[in-house]
>>> print(open('input-v1.cif').read())   # mmCIF, C-alpha atoms
data_work
#
loop_
_atom_site.label_atom_id
_atom_site.label_comp_id
_atom_site.auth_asym_id
_atom_site.auth_seq_id
_atom_site.Cartn_x
_atom_site.Cartn_y
_atom_site.Cartn_z
CA MET A 1 -12.88 46.55 83.34
CA SER A 2 -15.83 45.75 81.09
CA LEU A 3 -15.48 45.26 77.32
CA LYS A 4 -17.60 48.39 76.78
CA LYS A 5 -15.15 50.54 78.79
CA ILE A 6 -12.16 49.10 76.91
CA ILE A 7 -13.80 49.88 73.55
CA ILE A 8 -14.59 53.44 74.69
CA LEU A 9 -10.98 53.94 75.84
CA ILE A 10 -9.52 52.58 72.59
CA SER A 11 -11.90 54.70 70.47
CA ALA A 12 -11.06 57.78 72.53
CA SER A 13 -7.33 57.09 72.12
CA PHE A 14 -7.69 56.91 68.33
CA PHE A 15 -9.78 60.07 68.40
CA LEU A 16 -7.14 61.90 70.41
CA LEU A 17 -4.27 60.70 68.27
CA SER A 18 -6.06 61.73 65.09
CA SER A 19 -6.95 65.10 66.57
CA ASN A 20 -3.24 65.60 67.23
CA LEU A 21 -2.53 65.25 63.53
CA SER A 22 -5.29 67.45 62.30
CA ALA A 23 -5.73 70.24 64.80
CA GLY A 24 -3.55 73.14 65.81
CA THR A 25 -3.83 74.85 69.17
CA GLU A 26 -5.86 77.77 67.86
CA LYS A 27 -8.44 75.71 65.98
CA GLU A 28 -12.00 75.97 67.19
CA CYS A 29 -14.34 72.97 67.23
CA PHE A 30 -17.49 75.10 66.80
CA GLU A 31 -16.77 78.73 67.59
CA LYS A 32 -20.30 80.07 67.27
CA VAL A 33 -21.64 77.53 69.78
CA SER A 34 -18.65 78.12 72.07
CA ARG A 35 -19.23 81.86 72.01
CA GLY A 36 -22.87 81.23 72.92
CA VAL A 37 -21.84 78.97 75.81
CA PHE A 38 -19.26 81.56 76.87
CA LYS A 39 -22.00 84.19 77.00
CA PHE A 40 -24.11 81.84 79.14
CA ASN A 41 -21.12 81.23 81.45
CA LYS A 42 -20.58 84.98 81.80
CA GLY A 43 -24.23 85.32 82.83
CA PHE A 44 -23.85 82.46 85.29
CA ASP A 45 -20.75 84.14 86.71
CA LYS A 46 -22.47 87.51 86.99
CA VAL A 47 -25.61 86.21 88.66
CA ILE A 48 -24.29 83.32 90.77
CA LEU A 49 -20.54 82.74 91.02
CA ARG A 50 -19.25 86.30 91.31
CA PRO A 51 -21.71 87.38 94.04
CA ILE A 52 -20.91 84.22 96.05
CA ALA A 53 -17.17 84.79 95.57
CA SER A 54 -17.55 88.45 96.62
CA GLY A 55 -19.25 87.32 99.83
CA TYR A 56 -16.61 84.63 100.31
CA ASN A 57 -13.86 87.28 100.00
CA LYS A 58 -15.38 89.09 102.98
CA LEU A 59 -14.77 86.07 105.23
CA PRO A 60 -11.68 86.12 107.49
CA GLU A 61 -8.48 85.31 105.60
CA SER A 62 -7.86 82.22 107.75
CA ILE A 63 -11.14 80.65 106.57
CA ARG A 64 -10.36 81.39 102.90
CA THR A 65 -6.81 80.08 103.19
CA GLY A 66 -8.12 76.97 104.95
CA THR A 67 -10.69 76.37 102.20
CA GLY A 68 -8.05 76.79 99.50
CA ASN A 69 -5.73 74.39 101.33
CA PHE A 70 -8.52 71.84 101.83
CA THR A 71 -9.56 71.69 98.15
CA SER A 72 -5.94 71.72 97.04
CA ASN A 73 -5.13 68.83 99.38
CA ILE A 74 -7.99 66.74 97.96
CA GLY A 75 -6.71 67.61 94.47
CA THR A 76 -3.43 65.93 95.44
CA LEU A 77 -5.23 62.58 95.22
CA LEU A 78 -5.55 63.14 91.47
CA THR A 79 -2.05 64.56 91.19
CA VAL A 80 -0.28 61.47 92.58
CA PRO A 81 -1.46 58.92 89.94
CA ASN A 82 -0.73 61.46 87.20
CA HIS A 83 2.83 61.98 88.43
CA ILE A 84 3.21 58.18 88.36
CA LEU A 85 1.76 57.98 84.83
CA GLN A 86 4.29 60.62 83.75
CA GLY A 87 7.15 58.73 85.42
CA GLN A 88 7.75 61.58 87.87
CA TRP A 89 8.50 59.35 90.85
CA ARG A 90 10.11 61.99 93.06
CA LEU A 91 7.18 64.38 92.56
CA ALA A 92 4.73 61.51 93.17
CA GLY A 93 6.52 60.82 96.47
CA GLU A 94 6.49 64.50 97.44
CA SER A 95 2.79 64.85 96.61
CA THR A 96 1.95 61.71 98.61
CA ALA A 97 3.97 62.98 101.57
CA SER A 98 2.30 66.39 101.21
CA PHE A 99 -1.16 64.76 101.30
CA LEU A 100 -0.32 62.63 104.34
CA VAL A 101 1.24 65.51 106.29
CA ASN A 102 -1.55 67.97 105.48
CA SER A 103 -4.33 65.44 106.15
CA THR A 104 -2.92 64.62 109.59
CA ILE A 105 -0.79 67.44 111.04
CA GLY A 106 -2.64 69.92 108.84
CA ILE A 107 -6.01 68.74 110.23
CA LEU A 108 -7.84 67.28 107.21
CA GLY A 109 -5.90 69.53 104.87
CA PHE A 110 -7.10 72.89 106.24
CA GLY A 111 -3.51 73.70 107.16
CA ASN A 112 -0.54 73.40 104.84
CA PRO A 113 2.45 72.39 106.98
CA ALA A 114 3.79 70.37 104.03
CA ALA A 115 4.65 73.58 102.16
CA LYS A 116 6.70 74.74 105.16
CA MET A 117 8.58 71.43 104.99
CA GLY A 118 9.43 72.17 101.36
CA LEU A 119 7.17 69.45 99.93
CA LYS A 120 6.04 70.41 96.47
CA ASN A 121 2.42 69.87 95.48
CA GLN A 122 1.75 71.00 91.93
CA GLN A 123 -1.64 70.04 90.52
CA GLU A 124 -1.66 67.46 87.73
CA ASP A 125 -4.53 65.91 85.78
CA VAL A 126 -5.06 63.40 82.98
CA GLY A 127 -5.17 66.18 80.34
CA GLN A 128 -1.65 67.18 81.40
CA THR A 129 -0.50 63.56 81.38
CA LEU A 130 -1.82 63.09 77.84
CA GLY A 131 -0.06 66.32 76.86
CA ALA A 132 3.16 65.02 78.41
CA TYR A 133 2.76 61.87 76.24
CA GLY A 134 2.83 64.16 73.19
CA ILE A 135 -0.89 64.08 72.44
CA GLY A 136 -2.00 67.40 70.93
CA THR A 137 -4.77 69.56 72.29
CA GLY A 138 -7.30 68.92 69.56
CA CYS A 139 -9.70 71.74 68.86
CA TYR A 140 -10.85 74.26 71.45
CA PHE A 141 -14.34 74.72 72.82
CA VAL A 142 -16.20 75.99 75.88
CA LEU A 143 -18.24 73.81 78.22
CA PRO A 144 -21.25 75.12 80.13
CA ILE A 145 -20.23 76.11 83.70
CA LEU A 146 -16.87 74.28 83.43
CA GLY A 147 -15.45 76.79 80.94
CA PRO A 148 -12.63 76.57 78.37
CA THR A 149 -11.32 73.17 77.28
CA THR A 150 -9.99 71.20 74.34
CA ILE A 151 -10.76 67.73 72.99
CA ARG A 152 -7.79 66.33 74.91
CA ASP A 153 -8.60 68.13 78.15
CA SER A 154 -12.31 67.23 78.05
CA PHE A 155 -11.37 63.57 77.60
CA GLY A 156 -8.96 64.08 80.51
CA LEU A 157 -11.75 65.56 82.60
CA VAL A 158 -13.78 62.34 82.27
CA ALA A 159 -10.70 60.16 82.81
CA ASP A 160 -9.90 62.18 85.95
CA THR A 161 -13.04 60.80 87.58
CA LEU A 162 -11.84 57.24 86.87
CA ILE A 163 -8.38 57.52 88.43
CA ASP A 164 -9.00 60.11 91.14
CA PRO A 165 -9.60 58.18 94.41
CA PHE A 166 -11.73 61.05 95.75
CA ALA A 167 -13.99 60.99 92.66
CA ARG A 168 -14.27 57.18 92.84
CA VAL A 169 -15.39 57.30 96.47
CA THR A 170 -17.76 60.25 96.12
CA LEU A 171 -18.94 60.69 92.53
CA ARG A 172 -18.96 56.96 91.76
CA GLU A 173 -19.85 56.06 95.36
CA LYS A 174 -17.37 53.17 95.55
CA GLU A 175 -16.04 52.40 99.02
CA PHE A 176 -12.24 52.51 99.29
CA LEU A 177 -10.25 51.57 102.41
CA ASN A 178 -13.49 51.75 104.42
CA VAL A 179 -14.03 55.34 103.25
CA SER A 180 -17.33 56.16 101.60
CA GLY A 181 -18.90 59.31 100.24
CA THR A 182 -21.65 60.71 98.08
CA LYS A 183 -22.02 62.83 94.95
CA ILE A 184 -22.92 65.77 97.23
CA ASP A 185 -19.43 65.58 98.79
CA TYR A 186 -17.87 65.66 95.31
CA PHE A 187 -19.83 68.65 94.07
CA SER A 188 -19.41 70.48 97.39
CA VAL A 189 -15.62 70.25 97.15
CA LYS A 190 -15.62 71.22 93.45
CA GLY A 191 -17.97 74.11 94.22
CA ALA A 192 -15.76 75.29 97.08
CA TYR A 193 -12.75 75.13 94.73
CA ALA A 194 -14.59 77.20 92.11
CA VAL A 195 -15.64 79.86 94.64
CA ASP A 196 -12.12 80.01 96.13
CA PHE A 197 -10.58 80.33 92.64
CA ARG A 198 -13.07 83.02 91.59
CA GLY A 199 -12.51 84.90 94.84
CA ASP A 200 -8.72 84.77 94.40
CA ASN A 201 -9.01 86.07 90.84
CA MET A 202 -11.57 88.80 91.40
CA THR A 203 -9.21 91.64 90.41
CA ASN A 204 -7.60 89.66 87.57
CA LEU A 205 -10.87 88.66 85.90
CA ASP A 206 -12.51 92.05 86.40
CA SER A 207 -9.45 93.75 84.92
CA LEU A 208 -9.37 91.31 82.01
CA GLU A 209 -13.03 91.90 81.23
CA LYS A 210 -12.68 95.66 81.44
CA ASN A 211 -9.61 95.79 79.20
CA SER A 212 -10.44 93.19 76.55
CA ILE A 213 -11.94 93.96 73.20
CA ASP A 214 -12.73 90.25 72.75
CA MET A 215 -12.75 88.54 76.14
CA TYR A 216 -13.60 85.16 74.60
CA ALA A 217 -10.35 85.23 72.58
CA ALA A 218 -8.32 86.59 75.50
CA LEU A 219 -9.50 83.78 77.80
CA LYS A 220 -8.86 81.19 75.09
CA SER A 221 -5.28 82.42 74.70
CA LEU A 222 -4.71 82.45 78.46
CA TYR A 223 -6.21 78.97 78.84
CA LEU A 224 -4.04 77.46 76.09
CA GLN A 225 -0.87 79.20 77.33
CA ASN A 226 -1.59 78.01 80.86
CA ARG A 227 -2.09 74.39 79.76
CA THR A 228 1.17 74.45 77.78
CA LYS A 229 2.93 75.82 80.84
CA LYS A 230 1.45 73.16 83.13
CA ILE A 231 2.25 70.29 80.77
CA SER A 232 5.90 71.21 80.38
CA ASN A 233 6.14 72.15 84.09
CA THR A 234 9.02 74.47 83.21
CA PHE A 235 7.73 76.35 80.18
CA SER A 236 7.14 80.04 80.45
CA SER A 237 6.51 82.63 77.76
CA GLU A 238 9.67 84.39 78.91
CA ASP A 239 11.75 81.62 77.32
CA VAL A 240 10.12 82.04 73.93
CA ASP A 241 11.64 84.81 71.86
CA ASP A 242 9.18 85.24 69.01
CA TRP A 243 10.13 88.90 68.70
CA GLY A 244 13.05 88.01 66.40
CA GLU A 245 12.14 90.22 63.48
CA PHE A 246 11.54 93.20 65.77
CA ASN A 247 14.99 92.95 67.32
CA LYS A 248 16.77 94.68 64.44
CA MET B 1 9.03 139.95 76.18
CA LYS B 2 5.96 138.30 77.69
CA ARG B 3 5.85 135.82 74.80
CA LEU B 4 9.53 135.02 75.31
CA ILE B 5 8.98 134.35 79.02
CA ASN B 6 6.01 132.14 78.19
CA LYS B 7 8.12 130.18 75.72
CA LEU B 8 10.93 129.80 78.26
CA VAL B 9 8.51 128.58 80.93
CA PHE B 10 7.09 126.08 78.43
CA VAL B 11 10.59 124.77 77.54
CA VAL B 12 11.53 124.48 81.23
CA LEU B 13 8.30 122.56 81.94
CA ILE B 14 8.96 120.17 79.06
CA LEU B 15 12.53 119.57 80.30
CA VAL B 16 11.38 118.97 83.87
CA ASN B 17 8.75 116.55 82.66
CA THR B 18 11.17 114.69 80.40
CA ASN B 19 13.74 114.31 83.15
CA SER B 20 11.19 113.06 85.64
CA PHE B 21 10.45 110.01 83.42
CA SER B 22 14.06 109.14 82.69
CA TYR B 23 15.09 106.00 84.51
CA ASP B 24 18.27 104.01 85.07
CA SER B 25 19.51 101.94 82.12
CA ASP B 26 20.07 98.79 84.21
CA PRO B 27 16.92 96.70 83.47
CA LYS B 28 16.24 95.77 87.11
CA THR B 29 16.65 99.33 88.40
CA PHE B 30 14.74 100.60 85.36
CA ILE B 31 11.67 98.50 86.22
CA THR B 32 11.93 99.29 89.94
CA GLU B 33 12.06 103.04 89.34
CA LEU B 34 9.38 102.99 86.66
CA VAL B 35 6.86 100.93 88.66
CA ASN B 36 7.45 102.93 91.83
CA ASP B 37 6.91 106.11 89.86
CA ALA B 38 3.69 104.75 88.37
CA ILE B 39 2.36 103.49 91.72
CA ASN B 40 3.27 106.75 93.49
CA THR B 41 1.47 108.67 90.78
CA LEU B 42 -1.67 106.56 90.94
CA SER B 43 -1.82 106.62 94.74
CA ASN B 44 -1.15 110.37 95.02
CA LYS B 45 -4.37 111.93 96.29
CA ASN B 46 -3.22 115.44 95.39
CA ILE B 47 -3.28 114.79 91.65
CA SER B 48 -6.49 114.75 89.62
CA LYS B 49 -7.46 111.58 87.75
CA THR B 50 -6.84 113.32 84.40
CA ASP B 51 -3.34 114.38 85.44
CA LYS B 52 -2.60 110.90 86.78
CA ASN B 53 -3.60 109.35 83.46
CA LYS B 54 -1.54 111.91 81.55
CA LYS B 55 1.57 111.13 83.60
CA ILE B 56 1.11 107.36 83.23
CA GLU B 57 0.68 107.83 79.49
CA THR B 58 3.87 109.88 79.28
CA ILE B 59 5.79 107.24 81.26
CA ALA B 60 4.46 104.55 78.89
CA LEU B 61 5.18 106.54 75.71
CA GLN B 62 8.79 106.98 76.77
CA ASN B 63 9.47 103.54 78.22
CA VAL B 64 7.33 100.99 76.38
CA ASP B 65 8.21 99.91 72.84
CA ILE B 66 4.67 100.66 71.66
CA GLU B 67 5.50 100.61 67.96
CA ALA B 68 7.09 97.13 68.10
CA LEU B 69 4.26 95.96 70.35
CA SER B 70 1.68 97.24 67.88
CA MET B 71 3.30 95.31 65.02
CA TYR B 72 3.81 92.15 67.11
CA THR B 73 0.17 92.10 68.22
CA LEU B 74 -1.05 92.54 64.65
CA GLY B 75 0.68 89.33 63.56
CA ASP B 76 1.58 88.38 59.99
CA ILE B 77 -1.31 90.28 58.44
CA ARG B 78 0.76 93.46 58.86
CA LYS B 79 2.92 92.33 55.90
CA THR B 80 -0.08 92.53 53.57
CA LEU B 81 -1.35 95.97 54.60
CA ASP B 82 -0.70 99.29 52.87
CA GLN B 83 1.12 102.11 54.68
CA GLY B 84 -2.04 104.14 55.29
CA THR B 85 -3.81 101.25 57.01
CA LEU B 86 -0.73 100.48 59.08
CA GLU B 87 -0.40 104.09 60.21
CA LYS B 88 -4.07 104.20 61.18
CA TYR B 89 -3.64 100.93 63.11
CA LYS B 90 -0.51 102.19 64.91
CA ASP B 91 -2.32 105.35 65.94
CA LEU B 92 -5.39 103.50 67.22
CA PHE B 93 -3.26 100.85 68.94
CA GLU B 94 -1.28 103.50 70.80
CA ASN B 95 -4.46 105.10 72.14
CA TYR B 96 -5.94 101.69 72.98
CA PHE B 97 -2.74 100.56 74.70
CA LEU B 98 -2.39 103.71 76.80
CA LYS B 99 -5.98 103.54 77.99
CA SER B 100 -5.77 99.83 78.71
CA LEU B 101 -2.43 100.16 80.54
CA THR B 102 -3.65 103.00 82.74
CA SER B 103 -6.76 101.01 83.60
CA ARG B 104 -4.77 97.87 84.44
CA LEU B 105 -2.23 99.78 86.55
CA THR B 106 -5.06 101.48 88.43
CA ASP B 107 -6.56 98.06 89.22
CA TYR B 108 -3.32 96.92 90.87
CA SER B 109 -2.00 100.26 92.20
CA THR B 110 -3.01 99.69 95.82
CA GLN B 111 -0.93 96.54 96.07
CA LYS B 112 2.67 96.08 97.20
CA PHE B 113 5.11 95.46 94.42
CA GLU B 114 8.64 94.01 94.62
CA VAL B 115 11.32 93.60 91.96
CA LEU B 116 13.24 90.39 92.59
CA SER B 117 15.90 89.74 89.94
CA ALA B 118 16.99 90.19 86.34
CA ASP B 119 18.07 87.53 83.86
CA GLN B 120 19.77 88.62 80.64
CA LYS B 121 18.49 86.15 78.02
CA SER B 122 20.36 87.63 75.05
CA GLU B 123 21.92 90.88 73.90
CA THR B 124 18.50 92.16 72.96
CA TYR B 125 16.37 91.20 75.91
CA THR B 126 16.42 90.78 79.67
CA ILE B 127 13.69 89.30 81.83
CA VAL B 128 13.08 91.19 85.07
CA SER B 129 11.21 89.16 87.72
CA SER B 130 8.87 90.85 90.14
CA ARG B 131 5.84 90.06 92.23
CA ILE B 132 2.72 91.63 93.61
CA VAL B 133 2.79 90.68 97.27
CA LYS B 134 -0.10 88.58 98.58
CA ASN B 135 -2.74 90.54 100.44
CA SER B 136 -6.21 89.91 101.84
CA SER B 137 -7.91 90.20 98.44
CA GLN B 138 -5.30 88.80 96.06
CA PRO B 139 -2.83 85.88 96.14
CA GLU B 140 0.79 86.50 95.21
CA LEU B 141 1.19 87.30 91.51
CA LYS B 142 4.48 86.70 89.71
CA ILE B 143 5.09 89.24 86.97
CA LYS B 144 8.02 89.14 84.56
CA TRP B 145 8.94 92.03 82.30
CA ARG B 146 10.45 91.50 78.88
CA VAL B 147 12.84 94.41 78.53
CA TYR B 148 14.30 95.16 75.09
CA THR B 149 17.95 96.13 75.50
CA LYS B 150 19.17 96.58 71.93
CA ASP B 151 20.14 100.10 72.97
CA PRO B 152 21.65 99.43 76.41
CA ALA B 153 21.34 103.10 77.33
CA LYS B 154 17.58 103.10 76.68
CA PRO B 155 15.78 99.92 77.77
CA LEU B 156 12.19 99.52 76.60
CA ILE B 157 9.40 97.30 77.94
CA ARG B 158 7.87 94.93 75.39
CA ASP B 159 5.78 92.48 77.36
CA LEU B 160 4.43 91.55 80.77
CA ILE B 161 4.39 87.86 81.61
CA VAL B 162 1.90 87.27 84.42
CA GLU B 163 2.26 83.83 86.07
CA GLY B 164 3.96 82.57 82.89
CA LEU B 165 1.29 83.98 80.56
CA SER B 166 2.31 86.61 78.03
CA LEU B 167 0.02 89.63 77.78
CA ALA B 168 1.45 90.57 74.35
CA LYS B 169 0.71 87.09 73.03
CA THR B 170 -2.79 87.20 74.52
CA GLN B 171 -3.34 90.57 72.85
CA ARG B 172 -2.07 89.21 69.52
CA GLU B 173 -4.45 86.26 69.71
CA GLU B 174 -7.32 88.55 70.67
CA PHE B 175 -6.73 90.67 67.55
CA ALA B 176 -6.24 87.54 65.41
CA SER B 177 -9.57 86.17 66.60
CA ILE B 178 -11.38 89.38 65.65
CA LEU B 179 -9.72 89.40 62.22
CA ASN B 180 -10.31 85.67 61.59
CA SER B 181 -13.99 86.00 62.42
CA ASN B 182 -14.34 88.93 60.03
CA ASN B 183 -12.45 87.86 56.88
CA ASN B 184 -9.35 89.80 57.99
CA ASP B 185 -11.25 93.07 57.67
CA MET B 186 -9.09 95.68 59.41
CA ASN B 187 -12.05 98.07 59.61
CA ILE B 188 -13.74 95.76 62.12
CA LEU B 189 -10.60 95.78 64.28
CA PHE B 190 -10.44 99.59 63.96
CA GLN B 191 -14.07 99.80 65.01
CA LYS B 192 -13.47 97.61 68.10
CA LEU B 193 -10.40 99.66 69.08
CA GLU B 194 -12.30 102.93 68.62
CA GLU B 195 -15.18 101.62 70.74
CA PHE B 196 -12.73 100.75 73.53
CA ILE B 197 -10.97 104.13 73.33
CA LYS B 198 -14.32 105.99 73.51
CA LYS B 199 -15.58 103.90 76.46
#
>>> encode(input="input-v1.cif", output="structure tokens")
Amino acid sequence: MSLKKIIILISASFFLLSSNLSAGTEKECFEKVSRGVFKFNKGFDKVILRPIASGYNKLPESIRTGTGNFTSNIGTLLTVPNHILQGQWRLAGESTASFLVNSTIGILGFGNPAAKMGLKNQQEDVGQTLGAYGIGTGCYFVLPILGPTTIRDSFGLVADTLIDPFARVTLREKEFLNVSGTKIDYFSVKGAYAVDFRGDNMTNLDSLEKNSIDMYAALKSLYLQNRTKKISNTFSSEDVDDWGEFNK
Amino acid sequence: MKRLINKLVFVVLILVNTNSFSYDSDPKTFITELVNDAINTLSNKNISKTDKNKKIETIALQNVDIEALSMYTLGDIRKTLDQGTLEKYKDLFENYFLKSLTSRLTDYSTQKFEVLSADQKSETYTIVSSRIVKNSSQPELKIKWRVYTKDPAKPLIRDLIVEGLSLAKTQREEFASILNSNNNDMNILFQKLEEFIKK
């Protein structure tokens, strides 16, 4: 690792640690800009992503399930190192086994026989690992196309591309175990994931948009709740009783 | 005599209506009966849309703790408001909630729903687990219901937790965002709620 990379990592670590001290989960980095970006993203969704996802939803279920399985299986490559970084050895083993089974018996990951064998494959990323280390979210903002994030999760997003073997081979075009790829492969898989996710959540997102009086705030709340849930792996809002004063 | 008959018919109709929305007090059976009733109503082709909405609203008014939900979603600012403002908020919230609930239920009414289990967390609340079964257009959706059981004979719904995400909390943060961006001016929140109700 070059000196430049080490300096960037150390600076980022200090930045994250300090953001933990100063920022609460609801704090915005620059709300006006984020709302502007959110508006742009909504336009992008309306004109590009949603129509593609609507068309995708008309494809036979087997093709959609296969696509979801395929992108999820590639995501396992990022999950495994993150389980290891979090000391979750059993889950790391299960995810590795899931990847191997699905990539072979499941024909390049289009099938999901691992799930039938009871092998768990929950998605993990560097943002979650940092959260598991106790690093706070930092302030919240919205990225163009990529959507809601926080200081911690955006740092995690960049770090993901460093430790994810798939990103190293494709996005960074570094050969690994005689496997090579290109940036097009990387963005094709990420694009397929986005379309599959949007297609799966057609009703949910349409309903949310129709019934929100401030969709930006609703999505922010859902994003932050979801990240908290994923970091703790067990957390759910059902376990939090913040209704105390209304229980009289 | 005619007036008396009319009054009697009215009373009988009210009683029939009230009984039709009275569900079992066991939280799991309560949710099962309530959701089935709501889905059957929404999928009934012999009832007009207006009547469907009216019935869903009546079910909600009798079985959702709308007053507590309105105060919860308003957050701590409620402690600083005068009675008049609070009453206006409660009234607007109720209308907003009923419209939003009917719309959400309509969005999911064609899907198969199953109640799985109930977990009593304390004397005052039980979590009922359910799911919307996977179909060709939607993956499986886990939905948990926070049921307030302070009065064991009359359970009330307080929150829906969809895939671990609380809708009441989301609503509270949505309102908080509007208030924070507008110097805690309740009139702006009232305006947004009124706009939604009129939509």
>>> resolve_selection(input="input-v1.cif", expression="the PyMOL selection byres ((chain B) within 6 of (chain A))", output="count of residues only")
6
>>> residues_around(input="input-v1.cif", residues="B:Lys52", least_positions_apart="3", cutoff="12 Å", atoms="only C-alpha atoms", output="PDB file with C-alpha atoms, in the frame of the given file")
ATOM      1  CA  ASP B  37       6.910 106.110  89.860  1.00  0.00           C
ATOM      2  CA  ALA B  38       3.690 104.750  88.370  1.00  0.00           C
ATOM      3  CA  ILE B  39       2.360 103.490  91.720  1.00  0.00           C
ATOM      4  CA  ASN B  40       3.270 106.750  93.490  1.00  0.00           C
ATOM      5  CA  THR B  41       1.470 108.670  90.780  1.00  0.00           C
ATOM      6  CA  LEU B  42      -1.670 106.560  90.940  1.00  0.00           C
ATOM      7  CA  SER B  43      -1.820 106.620  94.740  1.00  0.00           C
ATOM      8  CA  ASN B  44      -1.150 110.370  95.020  1.00  0.00           C
ATOM      9  CA  LYS B  45      -4.370 111.930  96.290  1.00  0.00           C
ATOM     10  CA  ASN B  46      -3.220 115.440  95.390  1.00  0.00           C
ATOM     11  CA  ILE B  47      -3.280 114.790  91.650  1.00  0.00           C
ATOM     12  CA  SER B  48      -6.490 114.750  89.620  1.00  0.00           C
ATOM     13  CA  LYS B  49      -7.460 111.580  87.750  1.00  0.00           C
ATOM     14  CA  LYS B  55       1.570 111.130  83.600  1.00  0.00           C
ATOM     15  CA  ILE B  56       1.110 107.360  83.230  1.00  0.00           C
ATOM     16  CA  GLU B  57       0.680 107.830  79.490  1.00  0.00           C
ATOM     17  CA  THR B  58       3.870 109.880  79.280  1.00  0.00           C
ATOM     18  CA  ILE B  59       5.790 107.240  81.260  1.00  0.00           C
ATOM     19  CA  LYS B  99      -5.980 103.540  77.990  1.00  0.00           C
ATOM     20  CA  THR B 102      -3.650 103.000  82.740  1.00  0.00           C
ATOM     21  CA  SER B 103      -6.760 101.010  83.600  1.00  0.00           C
ATOM     22  CA  LEU B 105      -2.230  99.780  86.550  1.00  0.00           C
ATOM     23  CA  THR B 106      -5.060 101.480  88.430  1.00  0.00           C
ATOM     24  CA  SER B 109      -2.000 100.260  92.200  1.00  0.00           C
TER      25      SER B 109
END
>>> resolve_selection(input="input-v1.cif", expression="the PyMOL selection byres ((chain A and resi 145) around 12)", output="JSON, numbers by chain")
{"A": [34, 37, 38, 39, 40, 41, 42, 43, 44, 45, 48, 49, 142, 143, 144, 146, 147, 148, 149, 190, 191, 194]}
>>> atom_distance(input="input-v1.cif", atom1="atom CA of A:Glu94", atom2="atom CA of A:Arg227")
22.0 Å
>>> atom_distance(input="input-v1.cif", atom1="atom CA of A:Leu162", atom2="atom CA of A:Cys29")
25.3 Å
>>> closest_residue(input="input-v1.cif", among="B:Thr124, B:Gln83, B:Asn63, B:Gln191", to="B:Pro152", atoms="only C-alpha atoms")
B:Thr124
>>> atom_distance(input="input-v1.cif", atom1="atom CA of A:Gly93", atom2="atom CA of A:Ala167")
20.9 Å
>>> residues_around(input="input-v1.cif", residues="B:Phe196", least_positions_apart="3", cutoff="8 Å", atoms="all atoms listed in the file", output="ChimeraX atom specification")
/A:213 /B:96,192-193,199
>>> residues_around(input="input-v1.cif", residues="A:Gly181", least_positions_apart="6", cutoff="7 Å", atoms="all atoms listed in the file", output="list in words")
Val169, Thr170 and Glu173 of chain A
>>> residues_around(input="input-v1.cif", residues="A:Pro113", least_positions_apart="3", cutoff="8 Å", atoms="only C-alpha atoms", output="ChimeraX atom specification")
/A:101-102,105-106,116-117
>>> write_last_selection(input="input-v1.cif", atoms="C-alpha atoms", output="PDB file, in the frame of the given file")
ATOM      1  CA  VAL A 101       1.240  65.510 106.290  1.00  0.00           C
ATOM      2  CA  ASN A 102      -1.550  67.970 105.480  1.00  0.00           C
ATOM      3  CA  ILE A 105      -0.790  67.440 111.040  1.00  0.00           C
ATOM      4  CA  GLY A 106      -2.640  69.920 108.840  1.00  0.00           C
ATOM      5  CA  LYS A 116       6.700  74.740 105.160  1.00  0.00           C
ATOM      6  CA  MET A 117       8.580  71.430 104.990  1.00  0.00           C
TER       7      MET A 117
END
>>> closest_residue(input="input-v1.cif", among="A:Leu205, A:Leu177, A:Ala92, A:Leu130", to="A:Ile151", atoms="all atoms listed in the file")
A:Leu130
>>> resolve_selection(input="input-v1.cif", expression="the PyMOL selection byres ((chain B and resi 72-81) around 10)", output="ChimeraX atom specification")
/A:242-243,245-246 /B:66-71,82-87,89-90,93,158,167-176,179,184,186
>>> closest_residue(input="input-v1.cif", among="A:Ile163, A:Ala132, A:Ile184, A:Ile52", to="A:Phe197", atoms="all atoms listed in the file")
A:Ile52
>>> residues_near_point(input="input-v1.cif", point="(-9.7, 60.6, 82.5)", cutoff="10 Å", atoms="all atoms listed in the file", output="VMD selection string")
chain A and resid 9 125 to 127 129 to 130 152 to 164
>>> closest_residue(input="input-v1.cif", among="B:Leu98, B:Ile197, B:Leu160, B:Leu61", to="B:Ile127", atoms="all atoms listed in the file")
B:Leu160
>>> axis_aligned_box(input="input-v1.cif", around="stretch 62-69 of chain B", padding_each_side="5 Å", output="JSON")
{"center_x": 6.9, "center_y": 101.5, "center_z": 73.1, "size_x": 15.2, "size_y": 21.0, "size_z": 20.3}
>>> build_atoms(input="input-v1.cif", residues="stretch 157-161 of chain A", atoms="N, CA and C atoms", output="PDB file, in the coordinates of the input")
ATOM      1  N   LEU A 157     -10.807  65.221  81.518  1.00  0.00           N
ATOM      2  CA  LEU A 157     -11.750  65.560  82.600  1.00  0.00           C
ATOM      3  C   LEU A 157     -12.577  64.335  83.001  1.00  0.00           C
ATOM      4  N   VAL A 158     -13.004  63.563  81.985  1.00  0.00           N
ATOM      5  CA  VAL A 158     -13.780  62.340  82.270  1.00  0.00           C
ATOM      6  C   VAL A 158     -12.852  61.289  82.886  1.00  0.00           C
ATOM      7  N   ALA A 159     -11.650  61.155  82.299  1.00  0.00           N
ATOM      8  CA  ALA A 159     -10.700  60.160  82.810  1.00  0.00           C
ATOM      9  C   ALA A 159     -10.276  60.473  84.246  1.00  0.00           C
ATOM     10  N   ASP A 160     -10.233  61.774  84.571  1.00  0.00           N
ATOM     11  CA  ASP A 160      -9.900  62.180  85.950  1.00  0.00           C
ATOM     12  C   ASP A 160     -10.795  61.467  86.965  1.00  0.00           C
ATOM     13  N   THR A 161     -12.080  61.377  86.628  1.00  0.00           N
ATOM     14  CA  THR A 161     -13.040  60.800  87.580  1.00  0.00           C
ATOM     15  C   THR A 161     -12.835  59.283  87.732  1.00  0.00           C
TER      16      THR A 161
END
